[in-house]
Amino acid sequence: GGSCEPAWARRQTNRDRPQPLKGTFMTTIRNLLTGAVLGLAALSAFAAPSAAERLDAFLTKTQEGAGTFEQRVLTKEGEEAAPAARGSFQFKRPGQFLWRYEEPYRQLIVSNGETLWFYDEDLAQVTKNTLSGALPTSPASILFGTGRLDSAEWTISESPAAEGLDWVTAKPREAGVFERVEIGFRGEGDAPVRMRLVDGFGQVTTLDFLSFEGKSVPASVFEWTPPEGVDVLDMG
């Protein structure tokens, strides 16, 4: 069957399937000013947190949670590069996350903070890697990793508001999977609602976070063992 397999989990044994791209993820934001004038009184205004500030707060203060997402992958020309996919996620910092594709194919990316597994149920194949060896190569590892984006590895900037969202953009200082990552926030929300990852070929992976809840997630969720009878490729 086809695959919604993301580029960060791509395997050499799977070249004949549609390959959603490597992407990149960024967002930009504008400051919101609110003021009121009463008679001869002076104008008073306050600024809402910027998208960059909200991203930093999410990465450092939101320690665990769960939600659902939808993924679309487009070529540089805007054509569909892979089937649209839907799924769910759970995370617990630092570095524990479970990213599950439920439609159109069943695939799983899970980390216990040390080991990263990618399981393709359709192919009965598992890829194993160290988490450090795989970072930062997936939306999950960026959003649900060890904390704020390291300024030694990323340049962070705010971008003009677009699509009804405030955006912040992150660019890796060294060439890698992503050329840039854009992350969008809506209104004064403190959790990302959209993420775009752009690779060096101009392909764009867009993730819409359909729901998110900051709630307690048991650590046992991230302790995963490959099913019996599957092929395991150890990359670590």
# chains A, B, ... in the order shown; residues from 1 in each chain; ligands from 1
call {"tool": "residues_around", "arguments": {"residues": "Ser111 in chain A", "least_positions_apart": "6", "cutoff": "12 Å", "atoms": "only C-alpha atoms", "output": "ChimeraX atom specification"}}
result
/A:89-100,117-119,127-132,134-135,138,140-141,144-146,219-225
call {"tool": "atom_distance", "arguments": {"atom1": "CA of Leu149 in chain A", "atom2": "CA of Glu53 in chain A"}}
result
11.9 Å
call {"tool": "atom_distance", "arguments": {"atom1": "CA of Val230 in chain A", "atom2": "CA of Val126 in chain A"}}
result
6.8 Å
call {"tool": "closest_residue", "arguments": {"among": "A:Gly214, A:Glu174, A:Pro227, A:Asp234", "to": "Asp190 in chain A", "atoms": "only C-alpha atoms"}}
result
A:Gly214
